[in-house]
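Here's the structure, in structure tokens; my notes come after.
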Amino acid sequence: MKNLLNKLNYKTDSNERGILLDVYIIKNLDGTPRWIFPIHAKKPLFLKFYHVEGVRSRIFAFLSKVIFFAGLQTIAYSKETWSLHPQLPEQEPLIDLVNTQWALFTGTKGPNNKMILYGEKESGSFFLKIPTTCQTSGIVEKEKTGSEKAVSISPESFTVPSVKTHNNGILEIEDIGNQGKRSNVFSDQHKRVLAEICKKTVQVETTEKSACFNEGSHYLALAQLKNNPRIPKNLINKLKELETELTRSHFLTALAHGDFTPWNMFTQPHKLAIYDWELSNSAYPLGFDAFHFVIQKGIMIDRKSWKDIRKELESSVIPWFKTLLSKTDTKWEIYLKLYLFINISKHLDIYIRQENWHNQVHWLITTWNEALSDMTAKPENARSILIDDVFSLLSNKNYATIKFPVIPPNSLSPYSDIDICLSKNDSIQLVNGLKKHPLVQKVLQTKSSFMSQVQIILSNNEILNLDLIWQLKWKQMEMMNIEAVLERAQLNTYGVKAMHPNDLKTYLGLFYGLNNAMVPQKYEHHLSRDTEQHSVVHSLIDLSNKDQIVLQKELELAIKEMGANRGLSGIMNRVSYLLDTVYSMFNQRGMIITFSGVDGAGKSTIIERMRYEYEKKLRRRVVVLRHRPSILPILSAWTKGKAKAEQDSANSLPRQGTNNSILSSLLRFSYYYTDYLLGQFAVYTRYVLRGDIVLYDRYYFDFINDSVRSNIRLPERLLCAGYNFLIKPDFNFFLYADADTILARKQELDKDTIKRLTQKYLDLFKTLAHSKKASHRYVAIENRELEDTVGQIIRTTTGKAA
């Protein structure tokens with residue numbers, strides 16, 4: 001405090017005994033002083049520096065007042081004694097610390113640190129801003145300049161405190177907030193202030209000539225050069241992408257406060273009282289202060305995710321801001337992007353130079369990264385951005401990926417999942433972070449005692465699968481010690497932590513060996529690695545690799561002898577495995593999807609593609625059924641035998657039956673309907689309840705619209721009635737195309753038949769879709785382009801399938 005007292009014109013280099021002043025200290029979590037006030041303070045004046053809004057802050061303020069009222073300061077606060085030496089005759093102290101009421105805030109840690117002292121005297125209350133470094137002296141000077149600039153526009157809707165400079169660079173600021181209160185709401189009063197400033201100072205700017213944009217580019221280049229490991233690389237990459245996008249843009253600028261937040265202003269009946277103009281700028285992009293108010297408040301006070309902050313922006317700021325821009329040709333999105341680019345780049349430079357970060361810095365960087373993901377995402381790169389953000393969320397945690405290729409994470413195949421070893425608590429934090437991510441629509445988990453299978457459905461309906469593993473187990477036995485694996489994890493070229501090569505060799509050998517399978521060729525090179533470990537398990541793995549055999553029983557016996565699989569630990573593992581097995585039997589329900597269409601509509605191609613998509617992306621078993629459940633064979637099997645009947649059916653063209661008898665048709669339909677009626681329960685219990693996805697290549701709708709195909713001629717109303725007694729599939733797709741396209745694919749039907757059947761299917765699906773009881777989807781898709789059709793089916797079914 002010697003430097004502080006010197007700046008306040010107290011003599012500190014004297015050998016004389018000074019006046020003793022007892023002070024109380026409220027400390028930060030790290031033990032450093034945060035607030036200091038004299039023992040003779042009558043009120044908790046340090047609350048002048050505290051933004052009282054919200055439950056926690058109100059409780060703190062209330063308890064502080066209770067402590068003062070009850071005289072419990074000695075019990076509640078730390079105490080220290082200062083020795084204040086006689087005043088220098090030629091320089092009176094800026095404040096009489098012994099006889100006046102005051103409180104001191106030591107400031108926020110970092111290169112821009114400055115102390116703030118609040119004092120009360122007969123002429124009124126005031127603040128003293130006390131710079132602690134040469135850099136902060138410049139910032140304090142900027143506050144004087146900024147305040148004067150704000151006064152120069154003759155504000156009508158807000159007031160600015162008068163300022164006065166003292167020796168040692170100290171700035172005295174008038175206290176104009178006595179009659180006001182702080183508010184976290186971006187109100188009409190705030191909008192009037194910003195609209196007035198815009199009207200009086202607006203001008204047109206381009207990014208090439210914009211000083212603040214070019215300054216942001218400079219800071220971003222420095223951040224790239226310094227490559228600070230605490231700053232996520234993908235955050236820098238997204239800023240670079242924004243910089244490129246915004247280059248050669250034109251936009252409106254105006255005077256901006258620069259730190260327009262609830263804690264820098266007081267709302268009064270007719271005006272805002274606005275402090276702290278040190279970060280003001282004469283030509284910031286329009287809307288900078290409005291965005292800053294909601295975003296900073298959302299992060300620092302509400303602890304909201306970007307997803308929730310954006311909702312607040314869209315409800316409280318964007319409608320007003322669109323009105324402000326109504327006579328321009330620029331969109332509001334460009335101003336939000338400019339705000340993010342300038343504000344984040346500027347602060348990165350500060351935080352890179354800051355040795356120790358407080359929690360708020362981590363909050364800011366996490367939310368900024370989410371915001372940049374949201375503003376730079378496109379349908380084609382959303383999954384890649386999310387993968388990068390997964391590793392950003394893990395950057396400060398102990399983790400190790402398994403079998404992750406040495407490639408940039410964002411170039412991972414759309415059919416690849418990510419296996420990650422980490423602690424259970426870290427897995428919970430990761431999942432909670434992903435649930436708040438702006439590109440995530442839904443997060444689904446399948447939990448067990450040793451891992452969590454996480455399926456992330458993105459807003460564009462793409463899927464990312466994560467296996468979060470906190471115990472490396474095979475059935476009821478632990479294979480490897482996860483803590484040791486995490487301790488040995490290595491950072492690869494692309495900033496991803498991966499299993500140590502020795503651990504990966506052990507894992508591959510055990511995983512495939514215990515499952516009685518040969519290691520895939522793409523992983524074989526990992527097993528040829530020499531290791532310094534000489535346990536029984538490693539010897540067996542080496543032997544398996546050398547002789548190209550699987551020593552399953554030997555490996556099983558070896559890991560049984562591990563300490564984690566013996567005694568009480570072994571019993572707990574067996575109980576956990578039993579519970580996991582029971583849970584998995586009832587955990588995930590599958591679904592039934594039907595595909596209908598005339599021959600040549602492309603059903604077979606689509607079904608095979610969807611089978612691959614569901615198996616790889618949803619990691620579900622897929623069962624394809626032809627037309628019906630088939631618990632009963634086709635009728636001709638009773639006379640020809642099953643194999644011969646199925647071969648003849650496959651080789652014959654459709655719609656060639658000659659049956660015209662109503663009785664024969666009724667018998668044939670009854671037979672097949674029985675198959676549907678009874679078989680639906682077999683399909684449901686055998687597949688759906690086990691989590692499988694059932695794809696029907698044709699379904700009951702063929703009986704309704706094209707019964708001739710099954711050699712049946714019955715009234716359509718009767719056939720329609722039969723559908724009422726069947727379990728309805730989850731999704732029903734009718735694939736169609738124009739007759740010429742279908743004939744180019746297959747010549748099994750004539751043009752008129754194709755048109756007639758297509759129209760009947762369209763009418764049926766329309767009727768079913770609008771039925772009052774239709775809780776299941778009926779979707780007709782014109783199947784022109786394969787990728788478009790697949791995309792629409794995925795978008796329709798993903799939420800249910802996952």
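Chains: A, B, ... in order of the structure tokens. Residues: from 1 per chain. Ligands: from 1, in order shown.
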
| Test item: residues at most 6 Å from range 31-47 of chain A, only C-alpha atoms, excluding those fewer than 5 positions along its chain, as a VMD selection string | chain A and resid 22 to 26 101 103 to 106

| message | What's around Gln224 in chain A at 12 Å? Count only C-alpha atoms, leave out sequence neighbours fewer than 2 positions away in its own chain, and write the answer as a ChimeraX atom specification. | response | /A:217-222,226-229,231-240,345,348-349,352

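All residues of protein, DNA or RNA that reach within 9 Å of Tyr399 in chain A, judged by only C-alpha atoms and not counting those fewer than 4 positions away in the chain, are Leu394, Ser395, Ile420, Cys421, Leu422, Ser423, Asp426, Val485, Leu486, Glu487, Ala489, Lys497, Ala498 and Met499 of chain A.
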
| task | Pull the alpha helix (DSSP H) assignments for range 301-524 of chain A out of DSSP run on the backbone, and list those residues as a ChimeraX atom specification. | result | /A:306-312,318-324,332-353,359-376,382-393,424-435,482-488,501-514,524

| What is the distance, in Å and to one decimal place, between CA of Pro520 in chain A and CA of Ile482 in chain A? | 23.6 Å

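The residue set within 7 Å of Leu252 in chain A, counting only C-alpha atoms and dropping same-chain residues fewer than 5 places from it, reads Val202, Gln203, Val204, Glu205, Pro285 and Leu286 of chain A.
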
Dump as an mmCIF file, in the first residue's frame, selection limited to C-alpha atoms:
data_model
loop_
_atom_site.group_PDB
_atom_site.id
_atom_site.type_symbol
_atom_site.label_atom_id
_atom_site.label_comp_id
_atom_site.auth_asym_id
_atom_site.auth_seq_id
_atom_site.Cartn_x
_atom_site.Cartn_y
_atom_site.Cartn_z
ATOM 1 C CA VAL A 202 -23.186 8.596 -36.932
ATOM 2 C CA GLN A 203 -20.910 8.272 -39.954
ATOM 3 C CA VAL A 204 -20.185 5.762 -42.727
ATOM 4 C CA GLU A 205 -17.020 3.665 -42.507
ATOM 5 C CA PRO A 285 -19.669 -0.009 -35.261
ATOM 6 C CA LEU A 286 -23.268 0.915 -34.588
#

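Among the candidates A:Ala254, A:Met518, A:Ala76, A:Leu94, the residue lying nearest to Cys212 in chain A is A:Ala254 (atoms considered: only C-alpha atoms).
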
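Compared by their closest atoms to Lys311 in chain A, and using only C-alpha atoms, the residues A:Pro438, A:Lys114, A:Ile176, A:Leu336 rank with A:Pro438 nearest.
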
| Closest of A:Val406, A:Lys553, A:Glu524, A:Tyr676 to Asn492 in chain A - atom-to-atom distances counting only C-alpha atoms | A:Val406

| Any idea what's packed within 10 Å of range 181-185 of chain A, counting only C-alpha atoms, ignoring anything in its chain fewer than 2 positions away? Could you give it as number ranges by chain? | A: 51-54, 177-179, 187-190, 261-269, 272-273, 293-294, 297-298, 301-302, 316

| request: Excluding Thr207 in chain A and any residue of its chain fewer than 3 positions from it, enumerate the residues within 9 Å of it, using only C-alpha atoms, and give them as a ChimeraX atom specification. | output: /A:210-214,246-251

Output N, CA and C atoms for every residue in that selection, as an mmCIF file, in the first residue's frame.
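Saved as out_39.cif:
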data_model
loop_
_atom_site.group_PDB
_atom_site.id
_atom_site.type_symbol
_atom_site.label_atom_id
_atom_site.label_comp_id
_atom_site.auth_asym_id
_atom_site.auth_seq_id
_atom_site.Cartn_x
_atom_site.Cartn_y
_atom_site.Cartn_z
ATOM 1 N N SER A 210 -11.239 1.629 -41.202
ATOM 2 C CA SER A 210 -11.679 1.640 -39.806
ATOM 3 C C SER A 210 -10.500 1.375 -38.870
ATOM 4 N N ALA A 211 -10.217 2.348 -37.997
ATOM 5 C CA ALA A 211 -9.104 2.201 -37.052
ATOM 6 C C ALA A 211 -9.361 1.055 -36.083
ATOM 7 N N CYS A 212 -10.598 0.924 -35.598
ATOM 8 C CA CYS A 212 -10.880 -0.130 -34.611
ATOM 9 C C CYS A 212 -10.822 -1.516 -35.250
ATOM 10 N N PHE A 213 -11.257 -1.638 -36.523
ATOM 11 C CA PHE A 213 -11.172 -2.933 -37.196
ATOM 12 C C PHE A 213 -9.715 -3.307 -37.450
ATOM 13 N N ASN A 214 -8.939 -2.365 -37.904
ATOM 14 C CA ASN A 214 -7.522 -2.631 -38.165
ATOM 15 C C ASN A 214 -6.749 -2.908 -36.877
ATOM 16 N N LEU A 246 -15.425 -10.025 -43.178
ATOM 17 C CA LEU A 246 -15.780 -8.621 -42.973
ATOM 18 C C LEU A 246 -14.940 -7.655 -43.807
ATOM 19 N N THR A 247 -13.828 -8.129 -44.336
ATOM 20 C CA THR A 247 -12.968 -7.256 -45.139
ATOM 21 C C THR A 247 -13.754 -6.700 -46.320
ATOM 22 N N ARG A 248 -13.548 -5.416 -46.581
ATOM 23 C CA ARG A 248 -14.210 -4.672 -47.656
ATOM 24 C C ARG A 248 -15.703 -4.483 -47.396
ATOM 25 N N SER A 249 -16.079 -4.495 -46.115
ATOM 26 C CA SER A 249 -17.473 -4.196 -45.748
ATOM 27 C C SER A 249 -17.607 -2.702 -45.454
ATOM 28 N N HIS A 250 -18.786 -2.170 -45.688
ATOM 29 C CA HIS A 250 -19.068 -0.802 -45.261
ATOM 30 C C HIS A 250 -20.154 -0.866 -44.185
ATOM 31 N N PHE A 251 -20.083 0.035 -43.232
ATOM 32 C CA PHE A 251 -21.004 -0.006 -42.108
ATOM 33 C C PHE A 251 -21.075 1.369 -41.458
#

| field | Residues near range 558-560 of chain A, cut-off 12 Å, only C-alpha atoms, skip fewer than 3 positions along chain, as a ChimeraX atom specification | value | /A:472-481,506,510-511,513-514,535-541,551-555,563-567,569-571,573-574

| What residues in range 27-249 of chain A get the DSSP label strand (DSSP E or B)? Please answer as an MDAnalysis selection string. | chainID A and resid 27 33:38 78:85 88 91 101:105 114:121 124:131 158:159 163:165 171:174 181 203:206

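Each of A:Leu678, A:Ala195, A:Ile75, A:Ile469 was checked against Leu325 in chain A using only C-alpha atoms; the smallest atom-to-atom distance is that of A:Ala195.
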